[in-house]
Amino acid sequence: MISFIQILLIVTALTAISYEVLMTQQIVKTCGDSVLMGFLTGLIMGDVTTGLLIGGTMQLMSLGLAGYGGASVPNYRVGTAVGVAMAIATNGGLEVALVVGIPAATLGVQLDVLAKMFGTVFLHMAERAADNGEYKKSYRIIFWGNLVGSRVALTNTYPALFFLMLGSAFIESLLAVIPAWFISGLSVSGNVLPALGMAILLKYMPIKGNMHYLILGFVLSVYFKLDILPIAIVGGIIAVLVYQKLQKESSNQVNVAGGLGDE
Amino acid sequence: MSNQKLTKKELWKFSMRYALTAQACQNYETMQSCAVIYSMGPFLEKIYADDPELLKKKFKAHFQFFNCQTYFGAAINAAALAIEETKTDDATAVAQAIKTSLMGPFSGIGDALFNTMPKVILAALSAYAAVEGSFLTGAILLAVFSPLLIWARWQIIQLGYYQGAKIITEHHEQMNNIREAISVLGIIVIGALIATMVKVNTPLTITVGEAVQPIQELLDKIFPKLLPALATFLVYKGLDMKKMNTVKMVWLIIVVVMALSLLKVLG
């Protein structure tokens, strides 16, 4: 069972993390929002290991998903919060987390569109206030409108509250009617889904002409059996070399151009 | 430009106001303009206190469309504010021109440097440790890199304000080179992540005479992790399909994998 206090704590943590991810954008991204969400939810529910496993898996699925240019993407933070809470409450592990977490996460896209429509409402209110010379009021509308009617609330706080209120009893009865092959198939899917995160990342990377680096990382892991951290260090060294080479090339180009800046 | 009037402390206030509302009330009409108004507004009020009608026009102008990665967004608006402080007749026109011309290119650089890279490298490392059951890696990364990000963002904003848009443009090439180099690191890490985090196994076997040979065992000897690499490649190509998006892809993967596991091809 999930107590009311636990729901409250989870939703508060989710709201704070989401605000940081969407607004200040300087802290949570360094450890991964879903990882942190999984850790905190696990802590609140009393099973940190499960929380981290699910949060980590969701994070891997979401790698590369960022709202570039304002695009709407699945919200794996909500998926993690709801998934971890339900998984621990029903003792169901990663499978249960995926059963409830993925729908909760993908619902994020529709809600995000809705939230941006609401944003227009607050924009117009703030504009009107500024038109009347009421600047303080305009700031207040932006700040508070943002808190209660924005992406933070509409795509995180409210849906998480809804799913958690449905309760673990609902999820348990749902699981009772779902056949076993479906659950085991879902757990195999959970292992394959990080491929999507990787694929999306590669879409954003200058992969053309850099394919050999991808193979290098793969080979270092598969055949040299190195951990991720040493591979990242090797990668860091190579990145420094690449940067030095590029800097040299750009300064050469300036010289060839005849030092236009000096004339 | 040497007529900047903001002290460091005031610029910090600007920077915090921008951070607090960076994507506030984001909407399809003007995207992040609410953050622009929230951060720049109080300073515009001060600069144009003597001309209420002009001030209204300034607000109207800065309520226009703005969308950029948020660190560079803050820096570009700091530059725009510095221009507004000159109080010249065409200040707003120049400020708007700078905003619209810089927000596109710097979104690209900013997203790569401050959104994609932290996710690929830091969040992936953290997720990797989390799956193994430890938050220590995540906590260390957070403690080390958050101050770095905060510092980097503050440097960019100061550049924007004190040097104007000029310097941002001049450092364009260097930042591109940094991005290019970090991309290499990112690609190497992704290569390793595909091998470790994507898990695809097959329970299929081949029977040679009496002996039953599991295919997975053969694969592990010759080309371990061939299946994860293959799966990633297929998803990568699949994303190019018409009308495909990431949400559809999540469900498509689940359906396909489930079917294959039902047929005992994957397990």
# chains A, B, ... in the order shown; residues from 1 in each chain; ligands from 1
call {"tool": "residues_around", "arguments": {"residues": "Asn210 of chain A", "least_positions_apart": "3", "cutoff": "8 Å", "atoms": "only C-alpha atoms", "output": "number ranges by chain"}}
result
A: 206-207, 213-214; B: 184, 187
call {"tool": "write_last_selection", "arguments": {"atoms": "N, CA and C atoms", "output": "tab-separated table (two decimals), in the first residue's frame"}}
result
chain	number	residue	atom	x	y	z
A	206	PRO	N	26.87	14.16	-34.45
A	206	PRO	CA	27.47	14.20	-35.80
A	206	PRO	C	28.07	12.84	-36.11
A	207	ILE	N	27.21	11.86	-36.39
A	207	ILE	CA	27.68	10.48	-36.50
A	207	ILE	C	28.39	10.26	-37.83
A	213	TYR	N	34.49	6.17	-33.97
A	213	TYR	CA	34.50	6.40	-32.51
A	213	TYR	C	33.43	5.55	-31.83
A	214	LEU	N	32.29	5.40	-32.51
A	214	LEU	CA	31.21	4.56	-31.97
A	214	LEU	C	31.70	3.12	-31.84
B	184	VAL	N	32.66	13.76	-29.84
B	184	VAL	CA	33.47	12.55	-30.01
B	184	VAL	C	33.42	11.72	-28.72
B	187	ILE	N	30.06	10.09	-28.45
B	187	ILE	CA	29.87	8.96	-29.36
B	187	ILE	C	30.59	7.72	-28.84
call {"tool": "closest_residue", "arguments": {"among": "B:Pro228, B:Gly160, B:Gly191, B:Pro147", "to": "chain A", "atoms": "only C-alpha atoms"}}
result
B:Gly191
call {"tool": "closest_residue", "arguments": {"among": "A:Ala87, A:Leu107, A:Ile27, A:Leu147", "to": "chain B", "atoms": "only C-alpha atoms"}}
result
A:Ile27
call {"tool": "closest_residue", "arguments": {"among": "A:Leu8, A:Val222, A:Ile44, A:Leu216", "to": "Gly235 of chain A", "atoms": "only C-alpha atoms"}}
result
A:Leu216
call {"tool": "atom_distance", "arguments": {"atom1": "atom CA of Leu40 of chain A", "atom2": "atom CA of Leu52 of chain A"}}
result
8.8 Å
call {"tool": "closest_residue", "arguments": {"among": "B:Ala91, B:Ala82, B:Met244, B:Ala112", "to": "Lys58 of chain B", "atoms": "only C-alpha atoms"}}
result
B:Ala91
call {"tool": "residues_around", "arguments": {"residues": "segment 114-121 of chain A", "least_positions_apart": "6", "cutoff": "12 Å", "atoms": "only C-alpha atoms", "output": "PyMOL selection string"}}
result
(chain A and resi 70-72+107-108+127-128+141-156+158) or (chain B and resi 23-34+63+65)
call {"tool": "atom_distance", "arguments": {"atom1": "atom CA of Ile182 of chain B", "atom2": "atom CA of Val192 of chain A"}}
result
26.7 Å
call {"tool": "closest_residue", "arguments": {"among": "B:Glu84, B:Glu45, B:Asp51, B:Glu217", "to": "chain A", "atoms": "only C-alpha atoms"}}
result
B:Glu45
call {"tool": "residues_around", "arguments": {"residues": "Ala104 of chain A", "least_positions_apart": "5", "cutoff": "9 Å", "atoms": "only C-alpha atoms", "output": "mmCIF file with C-alpha atoms, in the first residue's frame"}}
result
data_model
loop_
_atom_site.group_PDB
_atom_site.id
_atom_site.type_symbol
_atom_site.label_atom_id
_atom_site.label_comp_id
_atom_site.auth_asym_id
_atom_site.auth_seq_id
_atom_site.Cartn_x
_atom_site.Cartn_y
_atom_site.Cartn_z
ATOM 1 C CA PRO A 74 7.568 11.346 -23.124
ATOM 2 C CA ASN A 75 7.982 12.200 -19.480
ATOM 3 C CA TYR A 76 9.972 9.414 -17.862
ATOM 4 C CA VAL A 78 6.465 10.688 -14.025
ATOM 5 C CA GLY A 79 6.926 7.141 -15.316
ATOM 6 C CA THR A 80 9.642 6.603 -12.718
ATOM 7 C CA VAL A 82 4.576 6.156 -10.493
ATOM 8 C CA GLY A 83 6.403 3.011 -11.622
ATOM 9 C CA PRO A 159 -0.758 13.182 -13.577
ATOM 10 C CA ALA A 160 1.480 11.647 -10.891
ATOM 11 C CA PHE A 163 -1.916 7.691 -11.015
#
call {"tool": "select_by_dssp", "arguments": {"residues": "segment 12-206 of chain B", "states": "helix (DSSP H, G or I)", "output": "NGL selection string"}}
result
:B and (12-21 or 33-47 or 52-62 or 70-84 or 91-131 or 136-170 or 172-197)
call {"tool": "residues_around", "arguments": {"residues": "segment 118-135 of chain B", "least_positions_apart": "3", "cutoff": "7 Å", "atoms": "only C-alpha atoms", "output": "count of residues only"}}
result
21
call {"tool": "closest_residue", "arguments": {"among": "A:Ile10, A:Met198, A:Met205, A:Ile183", "to": "Gly108 of chain B", "atoms": "only C-alpha atoms"}}
result
A:Met205
call {"tool": "residues_around", "arguments": {"residues": "Ile233 of chain A", "least_positions_apart": "5", "cutoff": "12 Å", "atoms": "only C-alpha atoms", "output": "PDB file with C-alpha atoms, in the first residue's frame"}}
result
ATOM      1  CA  GLY A 217      33.531   2.547 -27.578  1.00  0.00           C
ATOM      2  CA  LEU A 220      36.516  -1.253 -25.667  1.00  0.00           C
ATOM      3  CA  LEU A 226      36.443  -2.096 -19.769  1.00  0.00           C
ATOM      4  CA  ASP A 227      33.890  -0.422 -17.482  1.00  0.00           C
ATOM      5  CA  ILE A 228      32.057   2.704 -18.627  1.00  0.00           C
ATOM      6  CA  ILE A 238      40.609  11.665 -27.437  1.00  0.00           C
ATOM      7  CA  ALA A 239      38.213  14.648 -27.196  1.00  0.00           C
ATOM      8  CA  VAL A 240      41.079  16.895 -26.017  1.00  0.00           C
TER       9      VAL A 240
ATOM     10  CA  ILE B 121      27.878  11.302 -20.542  1.00  0.00           C
ATOM     11  CA  LEU B 125      27.058   7.066 -16.142  1.00  0.00           C
ATOM     12  CA  LEU B 185      33.515  11.708 -26.295  1.00  0.00           C
ATOM     13  CA  GLY B 186      29.748  11.292 -26.387  1.00  0.00           C
ATOM     14  CA  ILE B 188      32.521   6.769 -27.725  1.00  0.00           C
ATOM     15  CA  VAL B 189      30.416   6.525 -24.555  1.00  0.00           C
TER      16      VAL B 189
END
call {"tool": "decode", "arguments": {"residues": "segment 61-209 of chain B", "atoms": "C-alpha atoms", "output": "short mmCIF file (atom, residue, chain, number, x, y, z; two decimals), in the first residue's frame"}}
result
data_model
loop_
_atom_site.label_atom_id
_atom_site.label_comp_id
_atom_site.auth_asym_id
_atom_site.auth_seq_id
_atom_site.Cartn_x
_atom_site.Cartn_y
_atom_site.Cartn_z
CA ALA B 61 8.53 44.39 -28.13
CA HIS B 62 10.17 42.01 -25.68
CA PHE B 63 6.97 40.01 -25.31
CA GLN B 64 7.62 38.85 -28.88
CA PHE B 65 8.71 35.33 -29.80
CA PHE B 66 11.89 34.08 -28.18
CA ASN B 67 13.21 30.53 -27.99
CA CYS B 68 16.73 29.44 -27.18
CA GLN B 69 18.67 27.04 -25.02
CA THR B 70 18.26 28.69 -21.66
CA TYR B 71 21.90 29.55 -20.80
CA PHE B 72 22.50 31.27 -24.11
CA GLY B 73 18.97 32.62 -23.98
CA ALA B 74 19.87 34.43 -20.75
CA ALA B 75 23.16 35.65 -22.26
CA ILE B 76 21.52 36.93 -25.44
CA ASN B 77 18.90 38.79 -23.41
CA ALA B 78 21.65 40.21 -21.19
CA ALA B 79 23.24 41.56 -24.37
CA ALA B 80 19.86 42.92 -25.45
CA LEU B 81 19.49 44.61 -22.06
CA ALA B 82 22.92 46.22 -22.43
CA ILE B 83 21.76 47.64 -25.76
CA GLU B 84 18.52 48.93 -24.24
CA GLU B 85 20.62 50.76 -21.66
CA THR B 86 22.18 52.90 -24.36
CA LYS B 87 18.73 54.52 -24.70
CA THR B 88 19.35 55.22 -28.38
CA ASP B 89 16.33 55.53 -30.66
CA ASP B 90 16.89 52.25 -32.40
CA ALA B 91 17.92 50.33 -29.25
CA THR B 92 14.92 48.04 -29.31
CA ALA B 93 15.25 47.36 -33.02
CA VAL B 94 18.92 46.42 -32.56
CA ALA B 95 18.16 44.33 -29.48
CA GLN B 96 15.42 42.47 -31.33
CA ALA B 97 17.69 41.89 -34.32
CA ILE B 98 20.35 40.43 -32.05
CA LYS B 99 17.84 38.20 -30.31
CA THR B 100 16.31 36.81 -33.47
CA SER B 101 19.60 36.30 -35.26
CA LEU B 102 21.42 34.64 -32.36
CA MET B 103 18.74 32.45 -30.82
CA GLY B 104 18.82 29.87 -33.62
CA PRO B 105 22.54 29.12 -33.86
CA PHE B 106 23.05 29.25 -30.10
CA SER B 107 20.18 26.89 -29.44
CA GLY B 108 22.11 24.31 -31.43
CA ILE B 109 25.38 24.89 -29.62
CA GLY B 110 23.75 25.24 -26.23
CA ASP B 111 21.65 22.11 -26.57
CA ALA B 112 24.69 20.11 -27.60
CA LEU B 113 26.96 21.47 -24.86
CA PHE B 114 24.57 21.77 -21.96
CA ASN B 115 21.67 19.42 -22.70
CA THR B 116 22.80 16.50 -24.83
CA MET B 117 26.30 16.10 -23.44
CA PRO B 118 25.40 16.09 -19.74
CA LYS B 119 22.72 13.56 -20.58
CA VAL B 120 24.85 11.31 -22.74
CA ILE B 121 27.88 11.30 -20.54
CA LEU B 122 26.82 12.19 -16.99
CA ALA B 123 23.24 10.93 -16.79
CA ALA B 124 24.24 7.74 -18.61
CA LEU B 125 27.06 7.07 -16.14
CA SER B 126 24.65 7.75 -13.30
CA ALA B 127 21.95 5.50 -14.79
CA TYR B 128 24.50 2.75 -15.36
CA ALA B 129 25.46 2.81 -11.66
CA ALA B 130 21.81 3.08 -10.61
CA VAL B 131 20.85 -0.09 -12.45
CA GLU B 132 23.63 -1.81 -10.50
CA GLY B 133 22.03 -0.45 -7.34
CA SER B 134 24.23 2.51 -6.38
CA PHE B 135 23.47 6.22 -6.25
CA LEU B 136 27.04 7.12 -5.26
CA THR B 137 28.14 7.81 -8.84
CA GLY B 138 25.12 10.05 -9.41
CA ALA B 139 25.76 11.94 -6.17
CA ILE B 140 29.42 12.52 -7.04
CA LEU B 141 28.57 13.68 -10.56
CA LEU B 142 25.97 16.05 -9.15
CA ALA B 143 28.40 17.47 -6.59
CA VAL B 144 31.16 18.00 -9.16
CA PHE B 145 29.34 19.06 -12.31
CA SER B 146 26.45 21.18 -11.03
CA PRO B 147 28.80 23.90 -9.74
CA LEU B 148 30.62 23.70 -13.06
CA LEU B 149 27.39 24.22 -15.02
CA ILE B 150 26.34 27.10 -12.77
CA TRP B 151 29.77 28.67 -13.25
CA ALA B 152 29.74 28.19 -17.03
CA ARG B 153 26.28 29.71 -17.32
CA TRP B 154 27.30 32.74 -15.25
CA GLN B 155 30.40 33.26 -17.42
CA ILE B 156 28.31 33.16 -20.59
CA ILE B 157 25.83 35.68 -19.19
CA GLN B 158 28.61 38.05 -18.15
CA LEU B 159 30.13 37.78 -21.62
CA GLY B 160 26.76 38.58 -23.11
CA TYR B 161 26.18 41.61 -20.92
CA TYR B 162 29.62 43.19 -20.64
CA GLN B 163 30.97 42.43 -24.09
CA GLY B 164 27.71 42.69 -25.94
CA ALA B 165 26.71 40.37 -28.71
CA LYS B 166 30.04 41.01 -30.41
CA ILE B 167 32.04 38.60 -28.30
CA ILE B 168 29.46 35.81 -28.44
CA THR B 169 29.74 35.96 -32.20
CA GLU B 170 33.55 36.01 -32.11
CA HIS B 171 33.75 32.92 -29.92
CA HIS B 172 31.38 31.11 -32.20
CA GLU B 173 34.12 29.05 -33.83
CA GLN B 174 35.80 28.04 -30.59
CA MET B 175 32.49 26.90 -29.16
CA ASN B 176 31.79 24.89 -32.27
CA ASN B 177 35.15 23.19 -31.85
CA ILE B 178 34.40 22.39 -28.21
CA ARG B 179 31.07 20.96 -29.22
CA GLU B 180 32.65 18.90 -31.96
CA ALA B 181 35.27 17.50 -29.54
CA ILE B 182 32.78 16.66 -26.80
CA SER B 183 30.60 14.96 -29.41
CA VAL B 184 33.47 12.55 -30.01
CA LEU B 185 33.52 11.71 -26.29
CA GLY B 186 29.75 11.29 -26.39
CA ILE B 187 29.87 8.96 -29.36
CA ILE B 188 32.52 6.77 -27.72
CA VAL B 189 30.42 6.52 -24.56
CA ILE B 190 27.31 5.65 -26.59
CA GLY B 191 29.25 2.87 -28.30
CA ALA B 192 30.07 1.41 -24.89
CA LEU B 193 26.53 1.95 -23.61
CA ILE B 194 25.01 0.05 -26.53
CA ALA B 195 27.21 -2.88 -25.54
CA THR B 196 26.33 -2.75 -21.85
CA MET B 197 22.84 -1.35 -21.47
CA VAL B 198 20.91 -2.82 -24.39
CA LYS B 199 20.21 -6.44 -23.59
CA VAL B 200 19.01 -8.77 -26.33
CA ASN B 201 19.40 -12.53 -26.08
CA THR B 202 17.99 -15.39 -28.09
CA PRO B 203 17.01 -18.79 -26.70
CA LEU B 204 17.12 -20.30 -30.21
CA THR B 205 19.21 -23.40 -30.78
CA ILE B 206 20.54 -25.28 -33.77
CA THR B 207 20.70 -29.04 -33.80
CA VAL B 208 23.71 -30.60 -35.50
CA GLY B 209 23.15 -34.34 -35.47
#
